[in-house]
$ cat protein.txt   # compact mmCIF, C-alpha atoms and all ligand atoms
# COMPACT_ATOMS: atom_id res chain seq x y z
CA MET J 1 33.18 207.80 157.07
CA ILE J 2 33.34 207.79 160.87
CA THR J 3 29.91 208.51 162.38
CA ALA J 4 28.28 208.46 165.80
CA HIS J 5 27.57 204.75 165.20
CA THR J 6 31.10 203.67 164.27
CA LYS J 7 32.36 200.83 166.47
CA LEU J 8 35.93 200.21 167.55
CA ALA J 9 38.20 197.19 167.72
CA GLY J 10 41.86 197.31 168.54
CA LEU J 11 45.19 195.95 169.59
CA ILE J 12 46.38 196.21 173.20
CA GLY J 13 50.07 195.63 173.80
CA ASN J 14 53.38 197.42 174.15
CA PRO J 15 54.95 198.19 171.75
CA VAL J 16 52.33 198.05 168.97
CA GLY J 17 53.73 200.54 166.45
CA HIS J 18 55.06 197.78 164.18
CA SER J 19 51.73 195.93 163.98
CA LEU J 20 50.21 194.91 160.66
CA SER J 21 46.85 194.11 162.29
CA PRO J 22 45.24 197.56 161.77
CA ALA J 23 45.84 197.38 158.00
CA MET J 24 44.48 193.85 157.76
CA HIS J 25 41.35 194.33 159.90
CA ASN J 26 40.43 197.75 158.55
CA ALA J 27 40.62 196.37 155.00
CA GLY J 28 38.27 193.58 156.05
CA PHE J 29 35.77 195.92 157.73
CA GLU J 30 35.80 198.29 154.76
CA HIS J 31 35.31 195.50 152.22
CA LEU J 32 32.30 194.09 154.07
CA GLY J 33 30.83 197.55 154.83
CA ILE J 34 31.13 196.94 158.58
CA ASP J 35 31.11 200.30 160.37
CA CYS J 36 34.10 199.60 162.60
CA ARG J 37 37.69 200.86 162.86
CA TYR J 38 40.66 198.97 164.29
CA MET J 39 43.28 200.97 166.19
CA ALA J 40 46.57 200.05 167.88
CA PHE J 41 46.83 201.07 171.55
CA PRO J 42 50.19 201.05 173.36
CA VAL J 43 49.23 200.43 176.99
CA ALA J 44 51.39 200.96 180.09
CA PRO J 45 51.55 197.93 182.44
CA ASP J 46 49.68 199.61 185.31
CA LEU J 47 46.81 200.58 182.99
CA LEU J 48 46.16 197.17 181.45
CA GLY J 49 43.03 196.60 183.56
CA ASP J 50 41.67 200.03 182.62
CA ALA J 51 42.36 199.39 178.94
CA ILE J 52 40.55 196.04 178.99
CA ARG J 53 37.60 197.40 180.95
CA SER J 54 37.28 200.13 178.29
CA ILE J 55 36.42 197.41 175.75
CA ARG J 56 33.21 196.95 177.74
CA ALA J 57 32.65 200.61 178.62
CA LEU J 58 33.19 201.89 175.07
CA HIS J 59 31.28 199.04 173.38
CA PHE J 60 34.23 197.75 171.34
CA LEU J 61 33.49 194.74 169.10
CA GLY J 62 36.57 193.26 170.71
CA ALA J 63 40.34 193.45 170.79
CA ASN J 64 43.56 191.63 170.15
CA ILE J 65 46.07 191.27 172.96
CA THR J 66 49.76 191.05 172.19
CA ILE J 67 53.14 191.02 173.93
CA PRO J 68 53.58 191.46 176.87
CA TYR J 69 49.97 191.08 178.03
CA LYS J 70 48.67 187.78 176.62
CA GLU J 71 48.82 186.08 180.03
CA LYS J 72 48.13 189.09 182.27
CA ALA J 73 44.94 189.98 180.38
CA ILE J 74 43.15 186.85 181.62
CA GLN J 75 42.47 188.23 185.13
CA PHE J 76 40.35 191.04 183.67
CA LEU J 77 38.03 188.82 181.59
CA ASP J 78 34.62 187.35 182.41
CA ASP J 79 35.17 184.02 180.66
CA ILE J 80 37.95 182.12 178.90
CA HIS J 81 37.52 179.74 175.98
CA GLU J 82 38.82 176.19 176.47
CA GLU J 83 41.89 176.46 174.20
CA ALA J 84 42.93 179.78 175.80
CA LYS J 85 42.61 178.12 179.21
CA PHE J 86 45.01 175.37 178.15
CA ILE J 87 47.44 177.85 176.63
CA GLY J 88 47.16 180.16 179.63
CA ALA J 89 47.08 183.18 177.34
CA VAL J 90 44.61 185.12 175.20
CA ASN J 91 45.26 186.93 171.94
CA THR J 92 41.63 187.86 171.23
CA ILE J 93 38.83 189.31 173.36
CA VAL J 94 35.24 189.22 172.18
CA ASN J 95 32.80 191.71 173.71
CA ASP J 96 29.63 189.64 173.99
CA ASN J 97 27.15 192.34 175.10
CA GLY J 98 29.42 193.47 177.91
CA ARG J 99 30.77 189.99 178.76
CA LEU J 100 34.45 189.89 177.84
CA VAL J 101 35.43 186.45 176.56
CA GLY J 102 39.07 185.50 175.98
CA HIS J 103 40.15 183.34 173.04
CA ASN J 104 43.47 182.26 171.61
CA THR J 105 43.51 181.93 167.83
CA ASP J 106 47.30 181.44 167.47
CA GLY J 107 47.18 177.62 167.46
CA ARG J 108 44.35 177.36 164.95
CA GLY J 109 46.10 180.06 162.91
CA PHE J 110 49.20 177.88 162.77
CA MET J 111 47.18 174.83 161.73
CA ARG J 112 45.47 176.79 158.93
CA SER J 113 48.84 178.01 157.68
CA MET J 114 50.13 174.43 157.59
CA GLU J 115 47.04 173.30 155.71
CA GLU J 116 47.55 176.11 153.23
CA ALA J 117 51.18 175.03 152.73
CA GLY J 118 49.91 171.50 152.00
CA VAL J 119 51.35 170.04 155.22
CA THR J 120 49.31 167.54 157.22
CA LEU J 121 50.26 166.76 160.80
CA THR J 122 48.38 163.47 160.94
CA GLY J 123 50.72 160.59 161.76
CA LYS J 124 53.83 162.79 161.62
CA ARG J 125 56.79 162.88 164.05
CA VAL J 126 57.30 166.43 165.20
CA PHE J 127 60.25 168.06 166.96
CA MET J 128 59.73 171.51 168.38
CA ALA J 129 62.11 174.02 169.98
CA GLY J 130 60.35 176.23 172.53
CA ALA J 131 57.80 175.74 175.29
CA GLY J 132 56.58 179.33 175.72
CA GLY J 133 53.32 180.98 174.72
CA ALA J 134 53.51 180.32 170.96
CA ALA J 135 54.58 176.71 171.57
CA ARG J 136 51.67 176.11 173.97
CA ALA J 137 49.22 177.50 171.42
CA ILE J 138 50.36 175.33 168.54
CA THR J 139 51.05 172.13 170.44
CA TYR J 140 47.48 172.10 171.75
CA TYR J 141 46.55 171.15 168.18
CA ILE J 142 49.71 169.35 167.06
CA ALA J 143 49.52 166.87 169.96
CA LYS J 144 46.02 165.82 168.85
CA GLU J 145 47.13 165.05 165.28
CA ALA J 146 50.80 164.09 165.23
CA ALA J 147 52.02 160.53 165.91
CA GLN J 148 54.66 161.84 168.28
CA LEU J 149 55.87 165.15 169.64
CA ARG J 150 59.32 165.89 171.07
CA ILE J 151 59.94 169.27 172.66
CA PHE J 152 63.03 171.12 173.87
CA ASP J 153 63.31 174.40 175.77
CA VAL J 154 66.22 175.96 177.65
CA ASP J 155 63.76 176.62 180.48
CA ALA J 156 63.40 173.15 182.04
CA VAL J 157 60.50 174.15 184.32
CA LYS J 158 58.41 175.59 181.48
CA LEU J 159 59.23 172.55 179.35
CA ALA J 160 58.16 170.05 182.03
CA ALA J 161 54.90 171.94 182.63
CA LEU J 162 54.02 171.95 178.92
CA VAL J 163 54.84 168.26 178.47
CA ASP J 164 52.72 167.38 181.53
CA ASP J 165 49.77 169.35 180.16
CA LEU J 166 50.13 167.84 176.67
CA LYS J 167 50.15 164.28 178.04
CA LYS J 168 46.47 164.86 178.86
CA VAL J 169 45.93 165.43 175.11
CA SER J 170 48.23 162.71 173.70
CA PRO J 171 50.44 160.02 175.30
CA ASP J 172 53.42 160.26 172.92
CA VAL J 173 54.74 163.65 174.03
CA TYR J 174 58.18 163.87 175.66
CA ALA J 175 60.83 166.40 176.50
CA GLU J 176 63.75 165.33 174.30
CA SER J 177 66.48 166.98 172.26
CA SER J 178 68.58 163.99 171.19
CA THR J 179 70.13 163.86 167.75
CA ASN J 180 67.72 161.06 166.88
CA ALA J 181 64.65 163.04 167.95
CA ILE J 182 65.66 165.70 165.43
CA THR J 183 66.92 163.62 162.50
CA ALA J 184 64.05 161.13 162.69
CA ALA J 185 61.37 163.84 162.84
CA ASP J 186 59.24 164.61 159.80
CA ILE J 187 58.54 168.17 160.89
CA LEU J 188 60.83 170.57 162.78
CA ILE J 189 59.29 173.67 164.33
CA ASN J 190 60.98 176.68 165.88
CA ALA J 191 58.67 178.25 168.46
CA THR J 192 61.41 180.28 170.17
CA PRO J 193 62.34 183.89 169.35
CA ILE J 194 65.74 182.66 168.06
CA GLY J 195 66.09 183.98 164.51
CA LEU J 196 64.20 187.19 165.12
CA HIS J 197 67.37 189.26 165.35
CA TYR J 198 70.31 189.65 163.02
CA GLY J 199 73.17 187.34 164.01
CA ASP J 200 71.01 184.93 166.05
CA PRO J 201 72.23 181.32 166.06
CA LEU J 202 70.02 178.50 164.72
CA PRO J 203 67.66 176.94 167.30
CA VAL J 204 68.55 173.50 165.87
CA ASP J 205 72.06 172.31 164.97
CA LYS J 206 72.23 172.80 161.20
CA THR J 207 74.20 169.57 160.67
CA LEU J 208 71.05 167.70 161.80
CA LEU J 209 68.87 169.15 159.05
CA ARG J 210 67.86 166.63 156.37
CA GLU J 211 66.21 167.06 152.99
CA HIS J 212 63.12 165.14 154.17
CA HIS J 213 62.43 167.65 156.95
CA ILE J 214 59.52 170.06 156.73
CA VAL J 215 60.89 173.05 158.62
CA CYS J 216 58.57 175.64 160.18
CA ASP J 217 59.13 178.82 162.12
CA VAL J 218 56.58 180.86 164.05
CA ILE J 219 58.64 184.00 163.38
CA TYR J 220 57.02 185.74 160.45
CA LYS J 221 59.99 185.98 158.14
CA ASP J 222 62.49 183.58 156.60
CA THR J 223 64.81 183.08 159.57
CA PRO J 224 68.38 181.71 159.23
CA LEU J 225 66.90 178.28 160.11
CA LEU J 226 64.50 178.45 157.17
CA VAL J 227 67.17 179.83 154.81
CA GLU J 228 69.48 176.94 155.74
CA ALA J 229 66.65 174.40 155.36
CA LYS J 230 65.66 175.82 151.97
CA SER J 231 69.25 175.52 150.75
CA LEU J 232 69.03 171.78 151.53
CA GLY J 233 65.81 171.47 149.54
CA CYS J 234 63.46 171.24 152.55
CA LEU J 235 59.89 172.49 152.40
CA THR J 236 59.72 175.50 154.72
CA VAL J 237 56.83 177.43 156.29
CA ASN J 238 57.40 180.76 158.06
CA GLY J 239 55.09 182.38 160.65
CA LEU J 240 53.47 184.87 158.30
CA GLY J 241 50.62 182.48 157.55
CA MET J 242 50.05 181.90 161.28
CA LEU J 243 49.95 185.67 161.84
CA PHE J 244 47.46 186.05 158.99
CA TRP J 245 45.12 183.23 159.99
CA GLN J 246 45.07 184.10 163.70
CA GLY J 247 43.86 187.53 162.57
CA VAL J 248 41.24 186.09 160.23
CA LEU J 249 39.91 183.89 163.04
CA ALA J 250 39.73 186.88 165.43
CA PHE J 251 37.91 188.94 162.79
CA GLU J 252 35.36 186.14 162.36
CA LEU J 253 34.82 185.91 166.13
CA TRP J 254 34.09 189.65 166.34
CA THR J 255 31.89 189.93 163.26
CA ASN J 256 30.19 186.51 162.98
CA THR J 257 30.92 186.68 159.25
CA THR J 258 33.24 184.93 156.85
CA ALA J 259 36.33 187.11 156.56
CA PRO J 260 37.29 188.43 153.10
CA VAL J 261 40.60 186.58 153.15
CA ASP J 262 41.99 187.84 149.83
CA VAL J 263 41.40 191.47 150.74
CA MET J 264 42.85 191.02 154.22
CA ARG J 265 45.87 189.11 152.92
CA ASN J 266 46.63 191.82 150.35
CA ALA J 267 46.49 194.46 153.09
CA LEU J 268 48.76 192.40 155.34
CA MET J 269 51.27 191.76 152.54
CA ASP J 270 51.23 195.41 151.52
CA GLY J 271 52.23 196.42 155.04
CA TYR J 272 54.69 193.53 155.35
CA ASN J 273 56.50 194.46 152.12
CA ARG J 274 56.94 197.99 153.44
CA LEU J 275 58.48 196.88 156.79
P1 LIG R 301 58.13 182.99 175.00
O1 LIG R 301 59.21 183.85 175.57
O2 LIG R 301 56.86 182.79 175.73
O3 LIG R 301 58.71 181.52 174.72
C1 LIG R 301 59.92 181.25 174.07
C2 LIG R 301 60.59 180.10 174.80
O4 LIG R 301 61.74 179.69 174.03
C3 LIG R 301 61.11 180.50 176.18
O5 LIG R 301 60.78 179.49 177.10
C4 LIG R 301 62.61 180.58 175.96
O6 LIG R 301 63.34 180.33 177.13
C5 LIG R 301 62.81 179.48 174.95
N1 LIG R 301 64.08 179.53 174.24
C6 LIG R 301 64.85 180.59 173.95
N2 LIG R 301 65.94 180.20 173.27
C7 LIG R 301 65.86 178.85 173.12
C8 LIG R 301 66.68 177.89 172.49
N3 LIG R 301 67.82 178.23 171.86
N4 LIG R 301 66.28 176.59 172.51
C9 LIG R 301 65.15 176.25 173.14
N5 LIG R 301 64.33 177.13 173.77
C10 LIG R 301 64.67 178.42 173.74
O7 LIG R 301 57.85 183.57 173.54
P2 LIG R 301 56.54 183.32 172.65
O8 LIG R 301 56.23 181.88 172.68
O9 LIG R 301 55.50 184.28 173.02
O10 LIG R 301 57.07 183.76 171.23
C11 LIG R 301 58.05 183.00 170.52
C12 LIG R 301 58.13 183.55 169.11
O11 LIG R 301 56.91 183.30 168.46
C13 LIG R 301 58.37 185.06 169.04
O12 LIG R 301 59.44 185.29 168.17
C14 LIG R 301 57.10 185.61 168.48
O13 LIG R 301 57.33 186.70 167.61
C15 LIG R 301 56.56 184.43 167.69
N6 LIG R 301 55.09 184.45 167.56
C16 LIG R 301 54.57 184.42 166.30
C17 LIG R 301 53.21 184.44 166.13
C18 LIG R 301 52.65 184.44 164.75
O14 LIG R 301 51.46 184.74 164.58
N7 LIG R 301 53.42 184.09 163.73
C19 LIG R 301 52.28 184.46 167.27
C20 LIG R 301 52.93 184.45 168.55
C21 LIG R 301 54.30 184.45 168.67
P3 LIG R 301 63.84 181.61 177.98
O15 LIG R 301 62.60 182.36 178.38
O16 LIG R 301 64.55 181.00 179.14
O17 LIG R 301 64.73 182.40 177.06
$ encode --input "protein.txt" --output "C-alpha cells"
Amino acid sequence: MITAHTKLAGLIGNPVGHSLSPAMHNAGFEHLGIDCRYMAFPVAPDLLGDAIRSIRALHFLGANITIPYKEKAIQFLDDIHEEAKFIGAVNTIVNDNGRLVGHNTDGRGFMRSMEEAGVTLTGKRVFMAGAGGAARAITYYIAKEAAQLRIFDVDAVKLAALVDDLKKVSPDVYAESSTNAITAADILINATPIGLHYGDPLPVDKTLLREHHIVCDVIYKDTPLLVEAKSLGCLTVNGLGMLFWQGVLAFELWTNTTAPVDVMRNALMDGYNRL
C-alpha cells in the first residue's frame, strides 16, 4: 500500500521504457517490507539537473542513472565514490540525508557475474574490445586481478586514455589487437555495443576463436559472438549477470541491507523472458 510515508527510488535516463530495474527493485522492497517504490523516469536532456536535484528535494532513497546520462550526471552530485571517479560515470546515486553521492556498480556487477559463472580473473590473460563506459567500469577491476590486459577500440583517443588510466592500476595493460593478443588470451570480452542489433558483425574475427577461450559479453543476451563461441565449445558469459548484480549492489547501497537475491533475480528473469 502506498502511504504518506512511502519513499521513492528510480531510474533516470532516456529511453527507460524497456528497463527491467523497476520489476527487480520493487520485488526486493516488497519482499523485505521496505516502504519504497521504484519508478522509471524518462528525462529530457535540459531537465537532467532538475531531475537529479529532485532526488534531494523529494527525499528519494536514491536513483539509478542510465544512458545517456551516466557521465553528465556527475556535475549535479555532491560527492563521487572512488571507482565512479575512475570510470568517469555514475550508475547509482545514494541520497545520504540530502548529500547526493555517485557510485558506479557496473564493474563490481561484472566481477560478481564472473564469480557466479565460476570464472576467476586472477593470473589470466584478457583481451577486450571496447574502451567506452562499460569497458572503463569493468577494467577498473580486471586490471587489478588479471596477469595481462589487451584492449582494442575503434576510437583511438578513448582507447589511449583508458590504457593510460589503467597503467596506474596495473603495468601490463596495452592497446593491442594483434592476432596473437586474441588467440593467446584466456578470456575475451566484448564491451562494445556490437551484437546488440540484428545483423551486427562480430567484434572479434571468428576465425580467431579457440575452444580454450572464455568468451564474455556485456550485452545482456547471447550475441552472435557468444553463439559462435558456444558452437566451438567455449564457456560463455553474457551481460545479464552484470545487469543483475549491478542492481543488487545499488539496492544494498540504498537500503543498507542484504538484498533478497533470489526474489530479485526471479523478477528480473520474469521481465526478461517477456521482452
Ligand atoms: P560506449 O559507447 O561508451 O562505448 C563503446 C565503445 O566501443 C565506443 O568507444 C565505440 O567506439 C567502441 N566500438 C564500437 N564498435 C567497435 C568495434 N567493432 N571494435 C572496437 N570498438 C568498438 O558504450 P558503453 O560502454 O556505455 O556500452 C557498451 C555496451 O555495454 C552497450 O551495448 C550496453 O548495453 C552494454 N552495457 C551493459 C551493462 C550491463 O549491465 N550488462 C551495463 C552497461 C553497459 P565509437 O564510439 O567510435 O563507435
$ residues_around --input "protein.txt" --residues "Ala57 of chain J" --least-positions-apart "2" --cutoff "12 Å" --atoms "all atoms listed in the file" --output "ChimeraX atom specification"
/J:8,50-55,59-62,95,97-100
$ residues_near_ligand --input "protein.txt" --ligand "ligand LIG 301 (chain R)" --cutoff "6 Å" --atoms "only C-alpha atoms and all ligand atoms" --output "PyMOL selection string"
chain J and resi 106+129-135+152-155+191-194+196+203+218-220+239-240+242-243
$ closest_atom_pairs --input "protein.txt" --of "segment 164-269 of chain J" --to "segment 64-85 of chain J" --cutoff "12 Å" --atoms "all atoms listed in the file" --output "Markdown table"
| residue | atom | partner | partner_atom | distance |
| --- | --- | --- | --- | --- |
| J:Asp165 | CA | J:Lys85 | CA | 11.4 |
| J:Val169 | CA | J:Glu83 | CA | 11.8 |
| J:Leu243 | CA | J:Thr66 | CA | 11.7 |
| J:Gln246 | CA | J:Asn64 | CA | 10.0 |
| J:Gly247 | CA | J:Asn64 | CA | 8.6 |
| J:Val248 | CA | J:Asn64 | CA | 11.6 |
| J:Leu249 | CA | J:Asn64 | CA | 11.1 |
| J:Ala250 | CA | J:Asn64 | CA | 7.7 |
| J:Phe251 | CA | J:Asn64 | CA | 9.7 |
| J:Leu253 | CA | J:Asn64 | CA | 11.2 |
| J:Trp254 | CA | J:Asn64 | CA | 10.4 |
$ closest_residue --input "protein.txt" --among "J:Leu159, J:Leu235, J:Ala143, J:Val126" --to "Asp186 of chain J" --atoms "only C-alpha atoms"
J:Val126
$ atom_distance --input "protein.txt" --atom1 "atom CA of Gly123 of chain J" --atom2 "atom CA of Ile138 of chain J"
16.2 Å
$ atom_distance --input "protein.txt" --atom1 "atom CA of Arg108 of chain J" --atom2 "atom CA of Asn273 of chain J"
24.6 Å
$ atom_distance --input "protein.txt" --atom1 "atom CA of Thr120 of chain J" --atom2 "atom CA of Gln148 of chain J"
13.5 Å
$ residues_around --input "protein.txt" --residues "Glu176 of chain J" --least-positions-apart "6" --cutoff "9 Å" --atoms "only C-alpha atoms" --output "mmCIF file with C-alpha atoms, in the coordinates of the input"
data_model
loop_
_atom_site.group_PDB
_atom_site.id
_atom_site.type_symbol
_atom_site.label_atom_id
_atom_site.label_comp_id
_atom_site.auth_asym_id
_atom_site.auth_seq_id
_atom_site.Cartn_x
_atom_site.Cartn_y
_atom_site.Cartn_z
ATOM 1 C CA PHE J 127 60.250 168.060 166.960
ATOM 2 C CA ARG J 150 59.320 165.890 171.070
ATOM 3 C CA ILE J 151 59.940 169.270 172.660
ATOM 4 C CA PHE J 152 63.030 171.120 173.870
#
$ closest_residue --input "protein.txt" --among "J:Ile2, J:Leu226, J:Ala181, J:Ala44" --to "Pro15 of chain J" --atoms "only C-alpha atoms"
J:Ala44
$ residues_near_point --input "protein.txt" --point "(29.6, 202.2, 163.7)" --cutoff "12 Å" --atoms "all atoms listed in the file" --output "list of chain:residue names"
J:Met1, J:Ile2, J:Thr3, J:Ala4, J:His5, J:Thr6, J:Lys7, J:Leu8, J:Ala9, J:Phe29, J:Glu30, J:Gly33, J:Ile34, J:Asp35, J:Cys36, J:Arg37, J:Tyr38, J:Leu58, J:His59, J:Phe60, J:Leu61
$ closest_residue --input "protein.txt" --among "J:Ser19, J:Thr139, J:Ser231, J:Asn190" --to "Met111 of chain J" --atoms "all atoms listed in the file"
J:Thr139
$ residues_around --input "protein.txt" --residues "Ala259 of chain J" --least-positions-apart "2" --cutoff "9 Å" --atoms "all atoms listed in the file" --output "ChimeraX atom specification"
/J:28-29,32,248-249,251-252,255-257,261-264
$ closest_residue --input "protein.txt" --among "J:Asp205, J:Ala27, J:Glu116, J:Ser178" --to "Asp270 of chain J" --atoms "all atoms listed in the file"
J:Ala27
$ residues_around --input "protein.txt" --residues "Asp222 of chain J" --least-positions-apart "5" --cutoff "10 Å" --atoms "all atoms listed in the file" --output "list in words"
Gly195, Leu196, Cys216, Asp217, Val227, Glu228, Lys230, Thr236, Val237, Asn238, Gly239 and Leu240 of chain J
$ closest_residue --input "protein.txt" --among "J:Ile87, J:Gly241, J:Pro260, J:Pro201" --to "Tyr272 of chain J" --atoms "all atoms listed in the file"
J:Gly241
$ closest_residue --input "protein.txt" --among "J:Val94, J:Leu162, J:Val119, J:Leu188" --to "Val204 of chain J" --atoms "all atoms listed in the file"
J:Leu188
$ residues_around --input "protein.txt" --residues "Gly10 of chain J" --least-positions-apart "6" --cutoff "6 Å" --atoms "all atoms listed in the file" --output "list in words"
Tyr38, Met39, Ala40 and Ala63 of chain J
